[in-house]
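**Student:** Just coords_3.txt, nothing more (compact mmCIF, C-alpha atoms):
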```txt
# COMPACT_ATOMS: atom_id res chain seq x y z
CA MET I 1 27.59 15.07 15.04
CA THR I 2 26.37 18.25 16.67
CA THR I 3 23.12 18.42 18.58
CA LEU I 4 21.77 20.86 15.99
CA ALA I 5 22.55 18.50 13.10
CA ARG I 6 20.91 15.62 14.97
CA ALA I 7 17.83 17.73 15.70
CA LYS I 8 17.59 18.67 12.01
CA ARG I 9 17.50 15.00 11.08
CA TRP I 10 14.84 14.10 13.61
CA LEU I 11 12.66 17.13 12.97
CA PRO I 12 10.94 16.10 9.67
CA PRO I 13 9.87 12.56 10.70
CA LEU I 14 8.91 13.50 14.24
CA GLY I 15 7.13 16.63 13.03
CA VAL I 16 5.04 14.64 10.54
CA LEU I 17 4.36 11.95 13.16
CA ALA I 18 3.20 14.54 15.68
CA LEU I 19 1.03 16.22 13.04
CA GLY I 20 -0.49 12.86 12.05
CA LEU I 21 -1.27 11.88 15.64
CA SER I 22 -2.74 15.32 16.38
CA LEU I 23 -4.99 15.15 13.30
CA MET I 24 -6.12 11.66 14.31
CA ALA I 25 -6.99 12.89 17.79
CA LEU I 26 -8.85 15.89 16.35
CA GLY I 27 -10.73 13.63 13.94
CA LEU I 28 -11.76 11.32 16.77
CA TRP I 29 -12.92 14.32 18.76
CA ARG I 30 -15.05 15.46 15.76
CA GLY I 31 -16.69 12.01 15.66
CA GLU I 32 -15.20 11.04 12.31
CA SER I 33 -14.64 7.42 13.28
CA ARG I 34 -18.39 7.10 13.94
CA GLU I 35 -19.07 8.58 10.51
CA LEU I 36 -16.63 6.11 8.96
CA LEU I 37 -18.32 3.22 10.73
CA GLN I 38 -21.76 4.23 9.44
CA LYS I 39 -20.51 4.15 5.86
CA ALA I 40 -18.26 1.11 6.11
CA VAL I 41 -20.89 -1.26 7.49
CA THR I 42 -23.06 -1.00 4.37
CA VAL I 43 -22.11 -2.46 1.00
CA CYS I 44 -21.65 0.50 -1.33
CA LEU I 45 -22.50 -1.10 -4.68
CA GLU I 46 -21.29 1.86 -6.69
CA CYS I 47 -18.01 1.98 -4.76
CA ILE I 48 -17.08 -1.61 -5.53
CA GLY I 49 -18.19 -1.31 -9.15
CA ILE I 50 -21.41 -3.34 -9.06
CA GLY I 51 -24.02 -0.64 -9.37
CA MET W 52 33.63 -17.30 -4.23
CA LEU W 53 30.78 -18.55 -6.40
CA GLY W 54 29.86 -20.98 -3.62
CA MET W 55 29.63 -18.12 -1.15
CA TYR W 56 27.42 -16.24 -3.57
CA ARG W 57 25.18 -19.28 -3.96
CA ASN W 58 24.90 -19.63 -0.19
CA ARG W 59 23.79 -16.04 0.07
CA LEU W 60 21.22 -16.54 -2.65
CA THR W 61 19.87 -19.63 -0.92
CA ARG W 62 19.65 -17.66 2.31
CA GLY W 63 17.77 -14.99 0.40
CA LYS W 64 15.32 -17.57 -0.87
CA ARG W 65 14.86 -18.92 2.64
CA ARG W 66 13.98 -15.42 3.83
CA LEU W 67 11.25 -14.98 1.25
CA PRO W 68 8.73 -17.37 2.85
CA GLY W 69 9.24 -15.37 6.07
CA ARG W 70 7.94 -12.25 4.35
CA LEU W 71 5.17 -14.26 2.72
CA LEU W 72 4.20 -15.58 6.15
CA ALA W 73 4.08 -12.02 7.51
CA GLN W 74 1.94 -10.91 4.55
CA LEU W 75 -0.45 -13.85 4.98
CA SER W 76 -0.69 -13.25 8.74
CA PHE W 77 -1.51 -9.59 8.26
CA PHE W 78 -4.04 -10.48 5.56
CA LEU W 79 -5.79 -12.79 8.02
CA LEU W 80 -5.60 -10.19 10.78
CA GLN W 81 -7.44 -7.69 8.56
CA ASN W 82 -9.71 -10.32 6.99
CA PRO W 83 -10.44 -12.95 9.64
CA LEU W 84 -14.10 -13.57 8.72
CA LEU W 85 -13.42 -15.96 5.85
CA SER W 86 -16.82 -17.63 6.26
CA ASN W 87 -18.42 -14.41 4.96
CA PHE W 88 -17.01 -15.28 1.52
CA PHE W 89 -19.57 -18.10 1.45
CA ASN W 90 -22.43 -16.11 3.05
CA GLY W 91 -22.08 -13.12 0.71
CA THR W 92 -22.35 -10.65 3.59
CA ILE W 93 -19.97 -8.13 5.17
CA TYR W 94 -18.93 -7.49 8.77
CA ARG W 95 -20.98 -4.72 10.41
CA GLY W 96 -19.22 -4.40 13.76
CA GLY W 97 -17.45 -1.58 15.54
CA LEU W 98 -13.90 -2.41 14.40
CA LYS W 99 -14.70 -0.78 11.08
CA ARG W 100 -14.30 2.60 12.71
CA ILE W 101 -10.53 2.07 12.49
CA CYS W 102 -8.34 1.91 9.37
CA THR W 103 -5.53 -0.51 8.60
CA PRO W 104 -2.62 0.78 6.51
CA GLY W 105 -2.98 -1.46 3.41
CA LEU W 106 -5.38 -1.25 0.45
CA ASN W 107 -7.97 -3.55 2.01
CA CYS W 108 -11.50 -2.85 0.76
CA TYR W 109 -14.05 -2.48 3.56
CA SER W 110 -16.62 -4.14 1.33
CA CYS W 111 -14.51 -7.31 1.30
CA PRO W 112 -16.76 -9.88 3.03
CA ALA W 113 -13.97 -10.97 5.39
CA ALA W 114 -12.68 -7.46 6.29
CA VAL W 115 -13.11 -6.15 9.82
CA THR W 116 -11.35 -2.80 9.34
CA SER W 117 -11.59 0.09 6.86
CA CYS W 118 -9.44 1.09 3.89
CA PRO W 119 -7.78 4.53 4.35
CA ILE W 120 -8.17 5.46 0.66
CA GLY W 121 -11.89 4.57 0.68
CA ALA W 122 -12.30 6.49 3.94
CA ALA W 123 -10.48 9.58 2.59
CA GLN W 124 -12.82 9.75 -0.40
CA LEU W 125 -15.83 9.20 1.84
CA PHE W 126 -15.06 12.38 3.78
CA LEU W 127 -14.20 14.44 0.70
CA ALA W 128 -17.37 13.35 -1.07
CA GLY W 129 -19.57 13.81 2.01
CA ALA W 130 -21.78 16.72 2.94
CA ARG W 131 -19.04 18.33 5.06
CA ARG W 132 -16.71 18.45 2.01
CA GLY W 133 -13.62 18.25 4.17
CA LEU W 134 -10.44 16.28 4.31
CA GLY W 135 -11.13 13.65 6.97
CA LEU W 136 -8.77 14.60 9.78
CA PHE W 137 -8.76 11.12 11.30
CA VAL W 138 -7.84 9.35 8.08
CA THR W 139 -5.35 12.05 6.96
CA GLY W 140 -3.63 11.84 10.33
CA PHE W 141 -3.61 8.06 10.13
CA LEU W 142 -1.98 8.10 6.68
CA LEU W 143 0.68 10.60 7.82
CA ALA W 144 1.46 8.71 11.03
CA ALA W 145 1.58 5.25 9.40
CA GLY W 146 3.51 6.56 6.39
CA VAL W 147 6.16 8.39 8.40
CA ALA W 148 6.61 5.49 10.80
CA PHE W 149 6.87 2.64 8.27
CA GLY W 150 6.97 4.15 4.75
CA ARG W 151 6.61 1.59 1.98
CA PHE W 152 7.35 -1.27 4.36
CA ILE W 153 3.53 -1.28 4.53
CA CYS W 154 3.40 -2.08 0.78
CA GLY W 155 5.98 -4.84 1.16
CA TYR W 156 4.61 -6.55 4.24
CA LEU W 157 1.11 -5.40 5.18
CA CYS W 158 -0.95 -4.78 2.02
CA PRO W 159 -3.28 -7.53 0.72
CA MET W 160 -3.01 -6.22 -2.85
CA GLY W 161 0.77 -6.43 -2.58
CA LEU W 162 0.47 -10.01 -1.35
CA LEU W 163 -1.71 -10.94 -4.33
CA GLN W 164 0.77 -9.41 -6.78
CA ASP W 165 3.72 -11.11 -5.07
CA LEU W 166 1.98 -14.48 -5.37
CA LEU W 167 1.29 -13.90 -9.06
CA TYR W 168 4.90 -12.85 -9.69
CA ARG W 169 6.04 -16.20 -8.28
CA ILE W 170 4.45 -17.95 -11.30
CA LYS W 171 7.26 -19.12 -13.55
CA SER W 172 7.29 -16.88 -16.62
CA PRO W 173 9.59 -14.44 -18.42
CA LYS W 174 10.04 -11.38 -16.21
CA LEU W 175 9.93 -7.95 -17.80
CA ARG W 176 11.32 -4.61 -16.75
CA LEU W 177 9.02 -1.56 -16.52
CA ARG W 178 10.94 0.74 -18.84
CA LEU W 179 8.58 3.73 -18.80
CA ARG W 180 10.11 5.96 -16.17
CA PHE W 181 7.10 8.27 -16.16
CA ALA W 182 4.75 5.33 -15.35
CA ARG W 183 5.68 5.55 -11.68
CA TYR W 184 4.48 9.15 -11.57
CA ALA W 185 0.98 8.08 -12.71
CA LYS W 186 0.12 7.04 -9.15
CA TYR W 187 0.56 10.62 -7.94
CA ALA W 188 -1.87 11.76 -10.65
CA VAL W 189 -4.34 9.05 -9.56
CA LEU W 190 -4.02 10.25 -5.95
CA ALA W 191 -4.56 13.88 -6.89
CA VAL W 192 -7.35 13.42 -9.46
CA PHE W 193 -9.32 10.31 -8.44
CA VAL W 194 -8.88 10.42 -4.65
CA LEU W 195 -8.73 14.15 -3.89
CA ILE W 196 -10.10 16.38 -6.67
CA LEU W 197 -13.00 14.47 -8.27
CA PRO W 198 -14.68 13.22 -5.04
CA PHE W 199 -14.52 16.79 -3.71
CA ALA W 200 -15.48 18.71 -6.86
CA VAL W 201 -18.02 16.59 -8.78
CA ARG W 202 -21.38 16.55 -6.99
CA HIS W 203 -24.71 14.93 -7.68
CA PRO W 204 -27.14 17.76 -8.64
CA LEU W 205 -29.89 16.54 -6.28
CA SER W 206 -28.14 15.01 -3.29
CA GLY W 207 -25.14 17.36 -3.36
CA LEU W 208 -22.89 14.43 -2.55
CA GLY W 209 -19.79 13.32 -4.42
CA SER W 210 -18.56 9.82 -5.32
CA ALA W 211 -15.58 7.71 -4.38
CA TRP W 212 -14.03 7.94 -7.87
CA PHE W 213 -11.00 5.76 -7.29
CA CYS W 214 -13.08 2.98 -5.70
CA THR W 215 -15.80 3.24 -8.34
CA TYR W 216 -13.69 3.28 -11.48
CA ILE W 217 -10.22 1.89 -10.71
CA CYS W 218 -9.59 0.03 -7.45
CA PRO W 219 -8.67 -3.59 -8.27
CA SER W 220 -8.66 -4.46 -4.56
CA GLY W 221 -12.37 -3.60 -4.32
CA THR W 222 -13.11 -5.70 -7.38
CA VAL W 223 -11.05 -8.75 -6.41
CA PHE W 224 -11.67 -8.82 -2.65
CA GLY W 225 -15.09 -7.08 -2.57
CA ALA W 226 -17.28 -7.13 -5.69
CA LEU W 227 -16.45 -10.54 -7.16
CA PRO W 228 -16.75 -12.59 -3.93
CA LEU W 229 -19.99 -10.76 -3.05
CA LEU W 230 -21.44 -11.42 -6.50
CA ALA W 231 -20.38 -15.06 -6.39
CA ALA W 232 -22.05 -15.71 -3.03
CA ASN W 233 -24.98 -13.28 -3.04
CA GLU W 234 -27.54 -13.89 -5.76
CA SER W 235 -29.58 -10.77 -4.95
CA LEU W 236 -26.63 -8.51 -5.86
CA ARG W 237 -26.18 -9.99 -9.34
CA MET W 238 -29.08 -8.04 -10.85
CA PHE W 239 -27.21 -4.79 -10.11
CA ALA W 240 -24.12 -5.83 -12.07
CA GLY W 241 -23.68 -3.73 -15.19
CA PRO W 242 -21.13 -2.07 -17.50
CA LEU W 243 -19.25 -0.60 -14.54
CA LEU W 244 -18.42 -4.08 -13.32
CA ILE W 245 -17.14 -5.03 -16.79
CA LEU W 246 -14.86 -1.96 -16.78
CA LYS W 247 -13.55 -2.68 -13.29
CA ALA W 248 -13.13 -6.41 -13.87
CA GLY W 249 -11.20 -5.54 -17.06
CA ILE W 250 -8.87 -3.20 -15.15
CA ALA W 251 -8.36 -5.73 -12.35
CA SER W 252 -7.74 -8.68 -14.67
CA GLY W 253 -5.35 -6.62 -16.83
CA LEU W 254 -3.34 -5.57 -13.78
CA LEU W 255 -3.28 -9.06 -12.30
CA ALA W 256 -2.21 -10.61 -15.61
CA ALA W 257 0.55 -7.99 -15.92
CA SER W 258 1.67 -8.79 -12.35
CA VAL W 259 2.82 -12.23 -13.51
CA PHE W 260 5.45 -10.58 -15.74
CA LEU W 261 6.07 -7.21 -14.06
CA TYR W 262 6.88 -6.94 -10.35
CA ARG W 263 4.21 -5.01 -8.39
CA VAL W 264 2.87 -3.23 -11.45
CA PHE W 265 -0.18 -1.79 -9.64
CA CYS W 266 1.82 -0.57 -6.62
CA ARG W 267 4.32 1.14 -8.91
CA THR W 268 1.98 2.77 -11.38
CA LEU W 269 -1.56 3.31 -10.06
CA CYS W 270 -1.84 2.81 -6.30
CA PRO W 271 -2.70 6.09 -4.53
CA LEU W 272 -1.81 4.58 -1.16
CA GLY W 273 1.60 3.66 -2.57
CA ALA W 274 1.90 7.29 -3.70
CA VAL W 275 1.26 8.59 -0.16
CA TYR W 276 3.79 6.19 1.36
CA ALA W 277 6.30 6.88 -1.46
CA LEU W 278 6.18 10.60 -0.62
CA LEU W 279 7.04 9.75 3.00
CA ASN W 280 9.52 6.92 2.33
CA ARG W 281 12.62 9.11 2.41
CA ILE W 282 11.86 10.52 5.86
CA ALA W 283 10.16 7.39 7.27
CA LEU W 284 11.53 6.18 10.59
CA LEU W 285 11.88 2.61 9.31
CA LYS W 286 14.77 2.79 6.87
CA MET W 287 17.17 0.76 4.81
CA ARG W 288 20.72 1.64 5.80
CA CYS W 289 23.83 1.05 3.70
CA ASP W 290 27.12 0.87 5.57
CA ARG W 291 29.51 2.33 3.00
CA LYS W 292 32.54 1.11 4.94
CA ARG W 293 31.44 -2.49 4.42
CA CYS W 294 30.11 -2.08 0.87
CA VAL W 295 32.50 -3.33 -1.84
CA SER W 296 30.30 -2.04 -4.72
CA CYS W 297 29.83 -5.53 -6.18
CA GLY W 298 26.33 -4.61 -7.46
CA ASP W 299 24.65 -7.84 -6.25
CA CYS W 300 22.00 -5.87 -4.36
CA ALA W 301 21.01 -3.79 -7.40
CA ARG W 302 20.80 -6.97 -9.52
CA ALA W 303 18.61 -8.69 -6.90
CA CYS W 304 16.14 -5.80 -6.74
CA ASN W 305 12.92 -6.49 -8.62
CA LEU W 306 12.17 -2.77 -8.59
CA HIS W 307 15.53 -1.99 -10.25
CA ILE W 308 16.73 0.29 -7.47
CA ASP W 309 20.37 0.55 -6.46
CA PRO W 310 20.18 0.37 -2.64
CA VAL W 311 23.76 1.62 -2.31
CA LYS W 312 22.96 4.87 -4.08
CA THR W 313 19.39 5.32 -2.80
CA PRO W 314 18.61 2.94 0.08
CA ASN W 315 15.44 4.92 0.82
CA HIS W 316 14.18 5.32 -2.73
CA PRO W 317 10.43 6.23 -2.91
CA GLU W 318 9.74 2.97 -4.79
CA CYS W 319 11.52 0.65 -2.32
CA VAL W 320 8.94 -1.62 -0.62
CA ARG W 321 11.54 -2.96 1.87
CA CYS W 322 11.22 -6.53 0.61
CA GLY W 323 14.76 -7.19 1.82
CA ASP W 324 15.96 -9.10 -1.28
CA CYS W 325 18.98 -6.76 -1.55
CA LYS W 326 19.83 -7.27 2.11
CA ALA W 327 19.63 -11.04 1.70
CA VAL W 328 22.16 -11.21 -1.15
CA CYS W 329 24.69 -8.80 0.35
CA LYS W 330 27.81 -10.83 1.09
CA GLU W 331 29.34 -8.05 3.18
CA ARG W 332 26.24 -7.46 5.32
CA ALA W 333 26.39 -3.80 4.36
CA LEU W 334 22.60 -3.40 4.12
CA SER W 335 20.35 -3.47 7.15
CA TYR W 336 17.04 -2.13 8.43
CA ALA W 337 17.25 0.75 10.86
CA PHE W 338 14.66 2.63 12.88
CA GLY W 339 15.19 6.33 13.49
CA ALA W 340 16.35 9.49 11.75
CA GLU W 341 19.34 8.90 9.51
CA LYS W 342 21.42 10.86 7.06
CA LYS W 343 19.62 11.70 3.82
CA ASP W 344 20.44 9.48 0.79
```
Reformat the file's structure so that it appears as structure tokens.
**Tutor:**
Amino acid sequence: MTTLARAKRWLPPLGVLALGLSLMALGLWRGESRELLQKAVTVCLECIGIG
Amino acid sequence: MLGMYRNRLTRGKRRLPGRLLAQLSFFLLQNPLLSNFFNGTIYRGGLKRICTPGLNCYSCPAAVTSCPIGAAQLFLAGARRGLGLFVTGFLLAAGVAFGRFICGYLCPMGLLQDLLYRIKSPKLRLRLRFARYAKYAVLAVFVLILPFAVRHPLSGLGSAWFCTYICPSGTVFGALPLLAANESLRMFAGPLLILKAGIASGLLAASVFLYRVFCRTLCPLGAVYALLNRIALLKMRCDRKRCVSCGDCARACNLHIDPVKTPNHPECVRCGDCKAVCKERALSYAFGAEKKD
């Protein structure tokens, strides 16, 4: 298998993985995990179909 | 010959509790606060700022982490009206690393359906080929479009449509235990709960006869992982030099996939039943980039 063929196989999964990790880092930097925490610690009655 | 086949089947059956053990362990890892089921309260600590890859409702009393599908809708429906970068990145990274192995081993809703399918009953085959495409429509409409587009006229905020109207995980692991243990919540229960309890009970009843019916037809998380299953780093590999095309693996598959033809089919949840019955040991798990199917 040539190096080029091998690189072509690895490119899609590693590209998506790198994109995913970069977005996660950017999201953390924007304070999204704090936002998520604020919402997730309260029972959203509508969300679970009670209200 | 038949004896050999029986031995393989027995070995397959011995493997199954191993997967069940992994599913139960991961369920407890995500939901360790079992005492909250009796208190009727939810965990309010800092771990909820992280997501776990399965469909595990963050309003489940025992849950200590957040559900990625709930979190994605939260950001789309919020004032910023944006795709949450953290949760989108998480879904991409988890999906491309493990694919639908997450459905097979890590998801609490998958565990529940697997337990129900173990009830002795006639087993049916899902013959509607288009049914498996419904989950992509659920992902697009209920998780992405409606939370983003439909806004409350006064607050300007959207709703988590999938959680509100469909999610059986939220009903089974969140709403019903909270209602059972917390009397003050019962006065809020209305027609919405009847709708959601109907959907959840219908799906759970169907799971006794049809393998993983929710994962295959309606789960938006399953749709995300299915899209990434072909390129996921965790793969099923078929060694064609060893394969004798006996068809045992295809017959053992509850999802009716032929692992020789498509070992990385979008619907394959990596349960390993095919691998367990293969007499030639032609099927195995592999981690890394492989040839396309």
**Student:** May I have the protein, DNA and RNA residues with any atom at most 10 Å from the point (2.3, -13.8, -6.4), counting all atoms listed in the file, written as a compact mmCIF listing (two decimals) with C-alpha atoms, in the coordinates of the input?
**Tutor:**
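Produced file point_18.txt, reproduced below:
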```
# COMPACT_ATOMS: atom_id res chain seq x y z
CA LEU W 71 5.17 -14.26 2.72
CA MET W 160 -3.01 -6.22 -2.85
CA GLY W 161 0.77 -6.43 -2.58
CA LEU W 162 0.47 -10.01 -1.35
CA LEU W 163 -1.71 -10.94 -4.33
CA GLN W 164 0.77 -9.41 -6.78
CA ASP W 165 3.72 -11.11 -5.07
CA LEU W 166 1.98 -14.48 -5.37
CA LEU W 167 1.29 -13.90 -9.06
CA TYR W 168 4.90 -12.85 -9.69
CA ARG W 169 6.04 -16.20 -8.28
CA ILE W 170 4.45 -17.95 -11.30
CA LEU W 255 -3.28 -9.06 -12.30
CA SER W 258 1.67 -8.79 -12.35
CA VAL W 259 2.82 -12.23 -13.51
CA TYR W 262 6.88 -6.94 -10.35
CA ARG W 263 4.21 -5.01 -8.39
```
**Student:** By how many Å are CA of Lys8 in chain I and CA of Ala337 in chain W apart?
**Tutor:**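 Straight-line distance from CA of Lys8 in chain I to CA of Ala337 in chain W works out to 18.0 Å.
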**Student:** Would you mind listing what lies within 9 Å of Ala185 in chain W as a PyMOL selection string, with all atoms listed in the file counted and same-chain residues fewer than 2 positions away left out?
**Tutor:** chain W and resi 181-183+187-190+267-270
**Student:** Got a sec: who's within 9 Å of range 35-50 of chain I, counting only C-alpha atoms, leaving out chain neighbours fewer than 5 positions off, as a count of residues only?
**Tutor:** 47
**Student:** Quick one, how far is CA of Gly140 in chain W from CA of Arg288 in chain W?
**Tutor:**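 Separating CA of Gly140 in chain W from CA of Arg288 in chain W is a distance of 26.8 Å.
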**Student:** I want to know what sits within 12 Å of range 134-137 of chain W, based on all atoms listed in the file, with residues of the same chain fewer than 5 positions away left out; could you give that as an MDAnalysis selection string?
**Tutor:** (chainID I and resid 19:36) or (chainID W and resid 100:102 119:129 142:144 194:196 198:199)
**Student:** Given the point (6.2, 10.8, 16.7) in the file's coordinates, find the residues that have an atom at most 12 Å from it, counting all atoms listed in the file, and give them as a PyMOL selection string.
**Tutor:** (chain I and resi 10-22) or (chain W and resi 140+143-149+283-284+339-340)
**Student:** At what distance in Å, to one decimal, does CA of Thr103 in chain W lie from CA of Phe78 in chain W?
**Tutor:**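 Going from CA of Phe78 in chain W over to CA of Thr103 in chain W covers 10.5 Å.
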**Student:** Using the file's own x, y and z axes, what box holds all listed atoms of range 3-16 of chain I with 6 Å on each side, keeping edges along x, y and z, and what are its centre and edge lengths in Å to one decimal, as AutoDock Vina command-line options?
**Tutor:**
```
--center_x 14.1 --center_y 16.7 --center_z 14.1 --size_x 30.1 --size_y 20.3 --size_z 20.9
```
**Student:** Can you list, as a list in words, every protein, DNA or RNA residue that comes within 9 Å of Leu80 in chain W when you count all atoms listed in the file, leaving out same-chain residues fewer than 4 positions away?
**Tutor:**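 Selected residues are Leu75, Ser76, Ala114 and Val115 of chain W.
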**Student:** Given all atoms listed in the file as the basis, pick out the residue of W:Arg202, W:Arg70, W:Lys292, W:Arg302 nearest to Phe152 in chain W.
**Tutor:** W:Arg70
**Student:** Between W:Leu72, W:Leu229, W:Cys322, W:Ala130, single out the one closest to His203 in chain W, counting only C-alpha atoms.
**Tutor:** W:Ala130
**Student:** So which one's closest to chain I, W:Asn107, W:Ser335, W:Ser206, W:Ser296? Using only C-alpha atoms, please.
**Tutor:**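 Of all the options, W:Asn107 lies closest to chain I.
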